[in-house]
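For reference, start-v6.pdb (PDB, C-alpha atoms):
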ATOM      1  CA  MET A  26      78.985  60.130 -60.465
ATOM      2  CA  GLU A  27      80.789  60.611 -57.158
ATOM      3  CA  ALA A  28      81.133  56.858 -56.646
ATOM      4  CA  LEU A  29      82.708  56.543 -60.083
ATOM      5  CA  TYR A  30      85.070  59.402 -59.384
ATOM      6  CA  ASP A  31      86.032  57.948 -56.005
ATOM      7  CA  GLU A  32      86.778  54.612 -57.641
ATOM      8  CA  ALA A  33      88.793  56.278 -60.396
ATOM      9  CA  ALA A  34      90.753  58.453 -57.972
ATOM     10  CA  LYS A  35      91.468  55.471 -55.709
ATOM     11  CA  THR A  36      92.557  53.078 -58.439
ATOM     12  CA  TYR A  37      94.304  55.412 -60.867
ATOM     13  CA  SER A  38      95.688  58.139 -58.632
ATOM     14  CA  ALA A  39      99.318  57.069 -59.079
ATOM     15  CA  ALA A  40      98.911  56.524 -62.833
ATOM     16  CA  LEU A  41      97.433  60.010 -63.211
ATOM     17  CA  GLU A  42     100.336  61.515 -61.300
ATOM     18  CA  ARG A  43     102.817  59.752 -63.580
ATOM     19  CA  LEU A  44     100.864  60.940 -66.576
ATOM     20  CA  ALA A  45     100.870  64.568 -65.385
ATOM     21  CA  ARG A  46     104.603  64.280 -64.860
ATOM     22  CA  ALA A  47     105.056  63.215 -68.462
ATOM     23  CA  TYR A  48     103.012  66.174 -69.697
ATOM     24  CA  GLU A  49     104.544  68.905 -67.566
ATOM     25  CA  ALA A  50     108.078  69.255 -66.230
ATOM     26  CA  ASP A  51     107.447  72.326 -64.086
ATOM     27  CA  PRO A  52     106.286  71.182 -60.597
ATOM     28  CA  ASP A  53     103.773  74.036 -60.065
ATOM     29  CA  LEU A  54     102.233  73.703 -63.508
ATOM     30  CA  ARG A  55     102.220  69.935 -63.045
ATOM     31  CA  ARG A  56     100.218  70.261 -59.834
ATOM     32  CA  ASP A  57      97.690  72.469 -61.654
ATOM     33  CA  LEU A  58      97.533  70.026 -64.535
ATOM     34  CA  LEU A  59      96.898  67.097 -62.191
ATOM     35  CA  GLN A  60      94.072  69.042 -60.549
ATOM     36  CA  ASP A  61      92.640  69.864 -63.977
ATOM     37  CA  ILE A  62      92.712  66.167 -64.841
ATOM     38  CA  HIS A  63      90.823  65.328 -61.642
ATOM     39  CA  VAL A  64      88.262  68.084 -62.257
ATOM     40  CA  ALA A  65      87.784  66.918 -65.860
ATOM     41  CA  LEU A  66      87.365  63.329 -64.676
ATOM     42  CA  TRP A  67      84.837  64.316 -62.031
ATOM     43  CA  ARG A  68      82.822  66.322 -64.539
ATOM     44  CA  SER A  69      83.153  63.721 -67.288
ATOM     45  CA  PHE A  70      81.354  61.033 -65.313
ATOM     46  CA  GLU A  71      78.093  62.914 -65.956
ATOM     47  CA  GLY A  72      78.401  61.574 -69.488
ATOM     48  CA  PHE A  73      79.827  58.117 -68.748
ATOM     49  CA  ASP A  74      77.518  55.650 -70.456
ATOM     50  CA  GLY A  75      79.513  52.442 -70.080
ATOM     51  CA  ARG A  76      80.152  52.092 -73.812
ATOM     52  CA  CYS A  77      83.833  51.795 -73.043
ATOM     53  CA  SER A  78      85.559  50.498 -69.934
ATOM     54  CA  LEU A  79      86.135  52.784 -66.967
ATOM     55  CA  ARG A  80      89.879  52.487 -67.533
ATOM     56  CA  THR A  81      89.598  53.578 -71.191
ATOM     57  CA  TRP A  82      87.404  56.519 -70.155
ATOM     58  CA  ILE A  83      89.825  57.650 -67.454
ATOM     59  CA  TYR A  84      92.864  57.480 -69.723
ATOM     60  CA  ARG A  85      91.017  59.270 -72.542
ATOM     61  CA  VAL A  86      90.038  62.124 -70.248
ATOM     62  CA  ALA A  87      93.516  62.361 -68.751
ATOM     63  CA  HIS A  88      95.288  62.300 -72.128
ATOM     64  CA  ASN A  89      92.819  64.777 -73.626
ATOM     65  CA  VAL A  90      93.424  67.204 -70.756
ATOM     66  CA  GLY A  91      97.156  66.626 -71.278
ATOM     67  CA  ALA A  92      96.851  67.359 -75.013
ATOM     68  CA  SER A  93      94.922  70.575 -74.285
ATOM     69  CA  HIS A  94      97.665  71.513 -71.844
ATOM     70  CA  ILE A  95     100.324  70.983 -74.526
ATOM     71  CA  LEU A  96      98.357  73.144 -76.968
ATOM     72  CA  ARG A  97      97.984  75.912 -74.390
ATOM     73  CA  GLN A  98     101.657  75.814 -73.474
ATOM     74  CA  ARG A  99     103.126  75.474 -76.943
ATOM     75  CA  ARG A 100     103.148  79.241 -77.583
ATOM     76  CA  THR A 101     105.239  79.930 -74.514
ATOM     77  CA  ARG A 102     107.644  76.995 -74.806
ATOM     78  CA  SER A 103     110.834  77.494 -76.757
ATOM     79  CA  GLN A 104     111.449  73.788 -77.393
ATOM     80  CA  ALA A 105     109.401  72.459 -80.306
ATOM     81  CA  LEU A 106     107.603  69.138 -80.057
ATOM     82  CA  VAL A 107     108.967  66.469 -82.346
ATOM     83  CA  GLY A 108     107.693  63.345 -84.056
ATOM     84  CA  LEU A 109     109.281  59.933 -83.733
ATOM     85  CA  GLU A 110     111.227  60.449 -86.980
ATOM     86  CA  GLU A 111     112.890  63.587 -85.653
ATOM     87  CA  LEU A 112     113.513  62.090 -82.234
ATOM     88  CA  GLU A 113     115.227  59.108 -83.822
ATOM     89  CA  ASN A 114     117.654  61.495 -85.493
ATOM     90  CA  LEU A 115     118.486  63.498 -82.376
ATOM     91  CA  PRO A 116     122.147  63.306 -81.323
ATOM     92  CA  ASP A 117     122.764  61.236 -78.224
ATOM     93  CA  ASN A 118     124.111  64.048 -76.057
ATOM     94  CA  ASN A 119     124.356  62.082 -72.847
ATOM     95  CA  SER A 120     125.913  58.888 -74.067
ATOM     96  CA  GLY A 121     129.007  59.414 -71.944
ATOM     97  CA  GLN A 122     127.083  59.711 -68.703
ATOM     98  CA  ARG A 123     126.645  56.913 -66.260
ATOM     99  CA  ALA A 124     123.036  55.811 -66.144
ATOM    100  CA  ASP A 125     121.815  55.285 -62.636
ATOM    101  CA  ARG A 126     118.110  54.563 -62.200
ATOM    102  CA  ASN A 127     117.005  58.140 -61.495
ATOM    103  CA  GLN A 128     119.036  59.509 -64.319
ATOM    104  CA  ALA A 129     117.584  56.950 -66.694
ATOM    105  CA  LEU A 130     114.045  57.730 -65.569
ATOM    106  CA  ASN A 131     114.586  61.455 -65.928
ATOM    107  CA  ARG A 132     116.055  60.930 -69.341
ATOM    108  CA  LEU A 133     113.135  58.775 -70.387
ATOM    109  CA  LEU A 134     110.758  61.434 -69.084
ATOM    110  CA  SER A 135     112.525  64.229 -70.916
ATOM    111  CA  LEU A 136     112.345  62.230 -74.153
ATOM    112  CA  VAL A 137     108.630  61.602 -73.625
ATOM    113  CA  GLN A 138     108.038  65.282 -72.807
ATOM    114  CA  ARG A 139     109.389  66.209 -76.235
ATOM    115  CA  LEU A 140     107.031  63.961 -78.150
ATOM    116  CA  LYS A 141     103.932  65.154 -79.967
ATOM    117  CA  PRO A 142     100.669  64.458 -78.125
ATOM    118  CA  LEU A 143      99.622  61.305 -79.967
ATOM    119  CA  ASP A 144     103.034  59.631 -79.693
ATOM    120  CA  ARG A 145     103.068  60.653 -76.057
ATOM    121  CA  HIS A 146      99.645  59.086 -75.446
ATOM    122  CA  VAL A 147     100.871  55.808 -76.949
ATOM    123  CA  ILE A 148     104.146  55.522 -75.078
ATOM    124  CA  LEU A 149     102.626  56.561 -71.748
ATOM    125  CA  SER A 150      99.821  54.033 -72.083
ATOM    126  CA  TYR A 151     102.401  51.405 -73.020
ATOM    127  CA  LEU A 152     104.513  52.274 -69.990
ATOM    128  CA  GLU A 153     101.374  51.905 -67.847
ATOM    129  CA  GLY A 154     101.217  48.312 -69.061
ATOM    130  CA  LEU A 155      98.278  48.607 -71.454
ATOM    131  CA  ASP A 156      98.156  46.334 -74.502
ATOM    132  CA  ALA A 157      97.894  47.562 -78.108
ATOM    133  CA  ALA A 158      94.120  46.987 -78.300
ATOM    134  CA  SER A 159      93.470  49.030 -75.132
ATOM    135  CA  ILE A 160      95.766  51.804 -76.331
ATOM    136  CA  GLY A 161      93.843  51.755 -79.620
ATOM    137  CA  ASP A 162      90.563  52.220 -77.735
ATOM    138  CA  ILE A 163      91.973  55.197 -75.854
ATOM    139  CA  THR A 164      93.738  56.926 -78.707
ATOM    140  CA  GLY A 165      91.495  56.021 -81.634
ATOM    141  CA  LEU A 166      94.438  54.499 -83.533
ATOM    142  CA  SER A 167      94.219  51.027 -84.994
ATOM    143  CA  ALA A 168      95.879  48.268 -82.969
ATOM    144  CA  GLY A 169      98.318  47.793 -85.868
ATOM    145  CA  ASN A 170      99.360  51.452 -85.799
ATOM    146  CA  VAL A 171      99.765  51.302 -82.052
ATOM    147  CA  ALA A 172     101.958  48.195 -82.326
ATOM    148  CA  THR A 173     104.120  49.894 -84.970
ATOM    149  CA  LYS A 174     104.492  53.024 -82.868
ATOM    150  CA  ILE A 175     105.376  51.019 -79.770
ATOM    151  CA  HIS A 176     107.953  49.040 -81.723
ATOM    152  CA  ARG A 177     109.576  52.211 -83.006
ATOM    153  CA  ILE A 178     109.528  53.895 -79.605
ATOM    154  CA  LYS A 179     111.044  50.844 -77.936
ATOM    155  CA  ASN A 180     113.828  50.709 -80.524
ATOM    156  CA  LEU A 181     114.412  54.405 -80.126
ATOM    157  CA  LEU A 182     114.626  54.190 -76.342
ATOM    158  CA  ALA A 183     116.843  51.122 -76.516
ATOM    159  CA  ARG A 184     119.249  52.974 -78.805
ATOM    160  CA  GLN A 185     119.203  56.063 -76.601
ATOM    161  CA  PHE A 186     120.105  54.017 -73.543
ATOM    162  CA  GLN A 187     122.435  51.529 -75.215
ATOM    163  CA  GLY A 188     125.275  54.011 -75.346
ATOM    164  CA  GLU A 189     125.107  54.510 -71.609
ATOM    165  CA  HIS A 190     125.230  50.820 -70.763
ATOM    166  CA  ASP A 191     128.208  50.408 -73.088
ATOM    167  CA  HIS A 192     130.067  52.794 -70.821
ATOM    168  CA  ASP A 193     129.149  50.954 -67.551
TER     169      ASP A 193
ATOM    170  CA  MET B  15      91.784  64.279 -53.942
ATOM    171  CA  SER B  16      88.434  64.413 -52.116
ATOM    172  CA  THR B  17      85.156  65.135 -53.895
ATOM    173  CA  ASP B  18      84.768  68.395 -51.955
ATOM    174  CA  VAL B  19      88.167  69.603 -53.103
ATOM    175  CA  ILE B  20      87.290  68.642 -56.684
ATOM    176  CA  ARG B  21      83.979  70.482 -56.465
ATOM    177  CA  GLN B  22      85.741  73.585 -55.131
ATOM    178  CA  ARG B  23      88.352  73.360 -57.854
ATOM    179  CA  ALA B  24      85.696  72.919 -60.560
ATOM    180  CA  GLY B  25      83.815  75.966 -59.245
ATOM    181  CA  LYS B  26      87.020  77.988 -59.154
ATOM    182  CA  PHE B  27      87.855  76.904 -62.694
ATOM    183  CA  GLU B  28      84.437  77.940 -64.010
ATOM    184  CA  ARG B  29      84.672  81.283 -62.187
ATOM    185  CA  THR B  30      88.119  81.915 -63.705
ATOM    186  CA  ILE B  31      86.748  81.245 -67.196
ATOM    187  CA  SER B  32      83.745  83.534 -66.572
ATOM    188  CA  ARG B  33      85.977  86.291 -65.220
ATOM    189  CA  ARG B  34      88.287  86.024 -68.234
ATOM    190  CA  ASN B  35      85.342  86.345 -70.630
ATOM    191  CA  LEU B  36      83.870  89.199 -68.596
ATOM    192  CA  ARG B  37      87.215  91.033 -68.686
ATOM    193  CA  GLU B  38      87.282  90.819 -72.494
ATOM    194  CA  TYR B  39      83.727  92.138 -72.771
ATOM    195  CA  LEU B  40      84.347  94.975 -70.311
ATOM    196  CA  THR B  41      87.454  96.072 -72.212
ATOM    197  CA  SER B  42      85.439  96.130 -75.437
ATOM    198  CA  LEU B  43      82.620  97.982 -73.669
ATOM    199  CA  LEU B  44      85.069 100.645 -72.478
ATOM    200  CA  VAL B  45      86.332 101.140 -76.033
ATOM    201  CA  VAL B  46      82.729 101.386 -77.296
ATOM    202  CA  ILE B  47      81.953 103.957 -74.565
ATOM    203  CA  LEU B  48      85.025 105.957 -75.611
ATOM    204  CA  PHE B  49      83.909 105.872 -79.254
ATOM    205  CA  ALA B  50      80.377 106.817 -78.183
ATOM    206  CA  TYR B  51      81.828 109.839 -76.353
ATOM    207  CA  PHE B  52      83.655 110.904 -79.534
ATOM    208  CA  PHE B  53      80.426 110.311 -81.461
ATOM    209  CA  VAL B  54      78.462 112.650 -79.196
ATOM    210  CA  LYS B  55      81.213 115.286 -79.124
ATOM    211  CA  ALA B  56      81.848 115.215 -82.906
ATOM    212  CA  ASP B  57      81.086 118.573 -84.469
ATOM    213  CA  ASN B  58      80.355 117.410 -87.985
ATOM    214  CA  THR B  59      78.404 114.631 -89.640
ATOM    215  CA  LEU B  60      81.364 112.938 -91.246
ATOM    216  CA  PHE B  61      83.150 112.447 -87.890
ATOM    217  CA  ARG B  62      79.868 111.229 -86.409
ATOM    218  CA  ILE B  63      79.642 108.644 -89.177
ATOM    219  CA  THR B  64      83.276 107.691 -88.471
ATOM    220  CA  TRP B  65      82.697 106.969 -84.786
ATOM    221  CA  GLY B  66      79.403 105.255 -85.560
ATOM    222  CA  LEU B  67      81.230 102.922 -87.933
ATOM    223  CA  PHE B  68      83.898 102.211 -85.312
ATOM    224  CA  ILE B  69      81.205 101.382 -82.736
ATOM    225  CA  ALA B  70      79.399  99.067 -85.173
ATOM    226  CA  GLY B  71      82.721  97.418 -86.101
ATOM    227  CA  MET B  72      83.652  96.855 -82.450
ATOM    228  CA  ILE B  73      80.259  95.323 -81.633
ATOM    229  CA  TRP B  74      80.494  93.002 -84.641
ATOM    230  CA  MET B  75      84.028  92.001 -83.608
ATOM    231  CA  VAL B  76      83.019  91.222 -80.011
ATOM    232  CA  VAL B  77      80.022  89.145 -81.113
ATOM    233  CA  GLN B  78      82.225  87.134 -83.479
ATOM    234  CA  LEU B  79      84.934  86.762 -80.856
ATOM    235  CA  HIS B  80      82.348  85.394 -78.460
ATOM    236  CA  ARG B  81      81.043  82.945 -81.066
ATOM    237  CA  LYS B  82      84.424  81.732 -82.220
ATOM    238  CA  GLY B  83      86.915  81.913 -79.462
ATOM    239  CA  SER B  84      85.705  82.849 -76.020
ATOM    240  CA  ALA B  85      87.418  80.906 -73.253
ATOM    241  CA  ARG B  86      85.473  77.793 -72.387
ATOM    242  CA  GLY B  87      85.417  75.309 -69.570
ATOM    243  CA  ILE B  88      86.333  71.647 -69.623
ATOM    244  CA  PRO B  89      84.019  69.770 -72.037
ATOM    245  CA  ALA B  90      81.967  67.263 -70.035
ATOM    246  CA  ALA B  91      82.037  64.643 -72.819
ATOM    247  CA  MET B  92      85.815  64.488 -72.937
ATOM    248  CA  GLY B  93      85.943  60.769 -72.221
ATOM    249  CA  ALA B  94      83.551  59.939 -75.059
ATOM    250  CA  SER B  95      86.086  61.021 -77.699
ATOM    251  CA  SER B  96      89.226  59.133 -78.515
ATOM    252  CA  CYS B  97      92.447  61.122 -78.257
ATOM    253  CA  VAL B  98      92.674  61.497 -82.047
ATOM    254  CA  GLU B  99      89.080  62.767 -82.324
ATOM    255  CA  PHE B 100      89.457  65.139 -79.403
ATOM    256  CA  PHE B 101      92.822  66.499 -80.521
ATOM    257  CA  ARG B 102      91.607  67.014 -84.101
ATOM    258  CA  ALA B 103      88.485  68.845 -82.864
ATOM    259  CA  GLU B 104      90.589  71.121 -80.638
ATOM    260  CA  LEU B 105      93.010  71.893 -83.467
ATOM    261  CA  GLU B 106      90.161  72.573 -85.901
ATOM    262  CA  ARG B 107      88.450  74.857 -83.383
ATOM    263  CA  GLN B 108      91.638  76.875 -82.919
ATOM    264  CA  ARG B 109      92.331  76.933 -86.668
ATOM    265  CA  ALA B 110      88.819  78.296 -87.320
ATOM    266  CA  VAL B 111      89.582  81.240 -85.027
ATOM    267  CA  VAL B 112      92.873  82.222 -86.661
ATOM    268  CA  SER B 113      92.539  80.998 -90.250
ATOM    269  CA  ASN B 114      90.771  84.053 -91.642
ATOM    270  CA  VAL B 115      90.788  87.040 -89.333
ATOM    271  CA  TRP B 116      89.734  89.507 -92.032
ATOM    272  CA  PRO B 117      85.943  89.116 -91.994
ATOM    273  CA  TRP B 118      85.511  89.182 -88.239
ATOM    274  CA  TYR B 119      88.526  90.908 -86.716
ATOM    275  CA  LEU B 120      90.125  93.347 -89.151
ATOM    276  CA  ALA B 121      87.572  94.232 -91.862
ATOM    277  CA  PRO B 122      84.930  95.539 -89.383
ATOM    278  CA  LEU B 123      87.330  98.337 -88.416
ATOM    279  CA  VAL B 124      88.310  99.296 -91.980
ATOM    280  CA  PRO B 125      85.195 101.427 -92.784
ATOM    281  CA  GLY B 126      85.845 103.433 -89.605
ATOM    282  CA  PHE B 127      89.455 104.094 -90.592
ATOM    283  CA  VAL B 128      88.492 105.040 -94.158
ATOM    284  CA  ALA B 129      85.776 107.396 -92.915
ATOM    285  CA  TYR B 130      88.214 108.894 -90.380
ATOM    286  CA  THR B 131      90.785 109.503 -93.118
ATOM    287  CA  VAL B 132      88.218 111.267 -95.317
ATOM    288  CA  ALA B 133      86.760 113.289 -92.431
ATOM    289  CA  TYR B 134      90.191 114.376 -91.181
ATOM    290  CA  ALA B 135      91.469 115.240 -94.671
ATOM    291  CA  LEU B 136      88.423 117.432 -95.326
ATOM    292  CA  GLU B 137      88.519 119.032 -91.888
ATOM    293  CA  PHE B 138      92.239 119.873 -92.080
ATOM    294  CA  PRO B 139      93.069 120.474 -95.764
ATOM    295  CA  ARG B 140      96.764 121.181 -95.271
ATOM    296  CA  PRO B 141      99.691 119.221 -96.787
ATOM    297  CA  LEU B 142     101.317 118.690 -93.387
ATOM    298  CA  SER B 143      98.100 117.302 -91.884
ATOM    299  CA  TRP B 144      97.684 115.013 -94.879
ATOM    300  CA  ALA B 145     101.254 113.768 -94.517
ATOM    301  CA  GLY B 146     100.620 112.959 -90.844
ATOM    302  CA  LEU B 147      97.371 111.257 -91.799
ATOM    303  CA  ALA B 148      99.133 109.197 -94.473
ATOM    304  CA  LEU B 149     101.718 108.104 -91.905
ATOM    305  CA  ILE B 150      99.021 107.026 -89.421
ATOM    306  CA  ASP B 151      97.160 105.130 -92.165
ATOM    307  CA  ALA B 152     100.385 103.418 -93.227
ATOM    308  CA  LEU B 153     101.058 102.348 -89.622
ATOM    309  CA  VAL B 154      97.515 101.009 -89.219
ATOM    310  CA  ALA B 155      97.811  99.144 -92.546
ATOM    311  CA  ALA B 156     101.154  97.669 -91.447
ATOM    312  CA  LEU B 157      99.637  96.590 -88.109
ATOM    313  CA  PHE B 158      96.689  94.948 -89.866
ATOM    314  CA  PHE B 159      99.058  93.186 -92.267
ATOM    315  CA  TRP B 160     101.205  91.921 -89.385
ATOM    316  CA  ILE B 161      98.150  90.637 -87.451
ATOM    317  CA  TRP B 162      96.916  88.883 -90.589
ATOM    318  CA  LYS B 163     100.329  87.298 -91.296
ATOM    319  CA  MET B 164     100.786  86.099 -87.714
ATOM    320  CA  ASN B 165      97.339  84.520 -87.641
ATOM    321  CA  ALA B 166      97.836  82.955 -91.079
ATOM    322  CA  ARG B 167     101.097  81.445 -89.846
ATOM    323  CA  ALA B 168      99.405  80.055 -86.744
ATOM    324  CA  ALA B 169      96.650  78.591 -88.958
ATOM    325  CA  ARG B 170      99.226  76.888 -91.205
ATOM    326  CA  CYS B 171     100.953  75.410 -88.167
ATOM    327  CA  LEU B 172      97.624  74.072 -86.843
ATOM    328  CA  GLN B 173      96.757  72.695 -90.301
ATOM    329  CA  ARG B 174     100.070  70.813 -90.400
ATOM    330  CA  MET B 175      99.218  69.249 -87.041
ATOM    331  CA  ILE B 176      95.745  68.278 -88.337
ATOM    332  CA  ASP B 177      97.277  66.782 -91.496
ATOM    333  CA  GLU B 178      99.726  64.747 -89.431
ATOM    334  CA  LEU B 179      96.793  63.161 -87.621
ATOM    335  CA  SER B 180      95.407  61.995 -90.965
ATOM    336  CA  ILE B 181      98.591  60.314 -92.160
ATOM    337  CA  PRO B 182      98.250  56.515 -92.026
ATOM    338  CA  GLY B 183     100.542  55.212 -89.303
ATOM    339  CA  ASN B 184     100.026  58.248 -87.126
TER     340      ASN B 184
END
If you took the structure in this file and wrote it as structure tokens, what would it be?
Amino acid sequence: MEALYDEAAKTYSAALERLARAYEADPDLRRDLLQDIHVALWRSFEGFDGRCSLRTWIYRVAHNVGASHILRQRRTRSQALVGLEELENLPDNNSGQRADRNQALNRLLSLVQRLKPLDRHVILSYLEGLDAASIGDITGLSAGNVATKIHRIKNLLARQFQGEHDHD
Amino acid sequence: MSTDVIRQRAGKFERTISRRNLREYLTSLLVVILFAYFFVKADNTLFRITWGLFIAGMIWMVVQLHRKGSARGIPAAMGASSCVEFFRAELERQRAVVSNVWPWYLAPLVPGFVAYTVAYALEFPRPLSWAGLALIDALVAALFFWIWKMNARAARCLQRMIDELSIPGN
């Protein structure tokens, strides 16, 4: 169990930090969330039976802790979570701003932080470089659904950022 | 994060959960003790029945609260469920707590309030006392209605989230 955790922590430490960042904007709460993810991972390896890959297991645990975090926080947050349809219809408030790298990353993050848990799982896994089949294993969605979601999210993000590049 | 730090954190997490549950039970115990005091001090049978009903209602409520919604630790099998399965199970668990609060949260206290109303009305048979009693009963009824509506709204919101998970393409 400890060997598995050590391997997971060593290999996926940075990915888990990025994931926590996408689930929680507040730095203190984010630190707590990241610790919760590590604790959940450590405990989860008691039940790891090798029926899925270590990577799938780690991402499932991390996303499931993230989803629980969203559910816990949703009563205290004023901003409602939105689906892809609603996000596609949001006005592009920042289209006049110049998009340097940090600004673009922050903007991407703030868009992701507004998504509902399942859409968030998909886009974060995609941004981590996972293919549709792997994302399907983690989320429980079919590979076709994952591909459709990714396509829509990519189009959405491209449109959101297009306006900025037009002003460069 | 080292394994020792994780172990410490896990222990701290479990202790926090236990403390939270203990706090809820102690609060309920204090209320039961208060009702038991009124029960012992009551000078007629009807008031005794009233406080007995309140005590029974509180105990029933705490048992149900423990069964349905007491704070729990991190499930060890988290990685065995896909995100959709896990999220649906969490939403369904929360919906079960709030979907119908009458049988386990509100109704157990109703017999106590009814008995109190009868006992008080018989003990103080004056129009002014009855008017005050009617006002208190109306406030309690309004509070119960508000609790029920708020929980029903939360249940509808959770149901919408569950339904969204079942839509093809989601």
Once the ChimeraX specification (/A :<6) & /B is applied to the coordinates I shared, what remains selected? I want it as a CSV table (one decimal) with C-alpha atoms, in the frame of the given file.
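Wrote part-v7.csv, looks like this:
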chain,number,residue,atom,x,y,z
B,20,ILE,CA,87.3,68.6,-56.7
B,24,ALA,CA,85.7,72.9,-60.6
B,90,ALA,CA,82.0,67.3,-70.0
B,91,ALA,CA,82.0,64.6,-72.8
B,92,MET,CA,85.8,64.5,-72.9
B,93,GLY,CA,85.9,60.8,-72.2
B,96,SER,CA,89.2,59.1,-78.5
B,97,CYS,CA,92.4,61.1,-78.3
B,98,VAL,CA,92.7,61.5,-82.0
B,183,GLY,CA,100.5,55.2,-89.3
* Hey, what's within 9 Å of B:Trp162 if we count all atoms listed in the file and toss same-chain stuff fewer than 6 positions away? As a PyMOL selection string, please? -> chain B and resi 112+114-116+120
* With the file shown as input, list the residues that the PyMOL selection byres ((chain B and resi 107) around 12) selects, as a VMD selection string. => (chain A and resid 93 96) or (chain B and resid 81 to 86 100 to 106 108 to 113 169 172 to 173 176)
Generate the output file for the selected residues, C-alpha atoms, as a PDB file, in the frame of the given file.
ATOM      1  CA  SER A  93      94.922  70.575 -74.285  1.00  0.00           C
ATOM      2  CA  LEU A  96      98.357  73.144 -76.968  1.00  0.00           C
TER       3      LEU A  96
ATOM      4  CA  ARG B  81      81.043  82.945 -81.066  1.00  0.00           C
ATOM      5  CA  LYS B  82      84.424  81.732 -82.220  1.00  0.00           C
ATOM      6  CA  GLY B  83      86.915  81.913 -79.462  1.00  0.00           C
ATOM      7  CA  SER B  84      85.705  82.849 -76.020  1.00  0.00           C
ATOM      8  CA  ALA B  85      87.418  80.906 -73.253  1.00  0.00           C
ATOM      9  CA  ARG B  86      85.473  77.793 -72.387  1.00  0.00           C
ATOM     10  CA  PHE B 100      89.457  65.139 -79.403  1.00  0.00           C
ATOM     11  CA  PHE B 101      92.822  66.499 -80.521  1.00  0.00           C
ATOM     12  CA  ARG B 102      91.607  67.014 -84.101  1.00  0.00           C
ATOM     13  CA  ALA B 103      88.485  68.845 -82.864  1.00  0.00           C
ATOM     14  CA  GLU B 104      90.589  71.121 -80.638  1.00  0.00           C
ATOM     15  CA  LEU B 105      93.010  71.893 -83.467  1.00  0.00           C
ATOM     16  CA  GLU B 106      90.161  72.573 -85.901  1.00  0.00           C
ATOM     17  CA  GLN B 108      91.638  76.875 -82.919  1.00  0.00           C
ATOM     18  CA  ARG B 109      92.331  76.933 -86.668  1.00  0.00           C
ATOM     19  CA  ALA B 110      88.819  78.296 -87.320  1.00  0.00           C
ATOM     20  CA  VAL B 111      89.582  81.240 -85.027  1.00  0.00           C
ATOM     21  CA  VAL B 112      92.873  82.222 -86.661  1.00  0.00           C
ATOM     22  CA  SER B 113      92.539  80.998 -90.250  1.00  0.00           C
ATOM     23  CA  ALA B 169      96.650  78.591 -88.958  1.00  0.00           C
ATOM     24  CA  LEU B 172      97.624  74.072 -86.843  1.00  0.00           C
ATOM     25  CA  GLN B 173      96.757  72.695 -90.301  1.00  0.00           C
ATOM     26  CA  ILE B 176      95.745  68.278 -88.337  1.00  0.00           C
TER      27      ILE B 176
END
* Asked: the PyMOL selection byres ((chain A and resi 42-54) around 9) on the file shown: which residues, as a PyMOL selection string?
  -> chain A and resi 37-41+55-59+62+87-88+91-92+94-95+134-135+137-138+142+145+149-150
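Here atom CA of B:Gly126 and atom CA of B:Trp65 stand 6.8 Å from one another.
Atom CA of B:Val76 to atom CA of B:Ser42 spans 7.1 Å [interatomic distance, one decimal].
Atom CA of B:Ala56 to atom CA of B:Ser143 spans 18.7 Å [interatomic distance, one decimal].
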* Counting only C-alpha atoms, what is within 9 Å of A:Ile178, bar same-chain residues fewer than 2 positions away, as a ChimeraX atom specification? -> /A:109,113,144,148,173-176,180-183
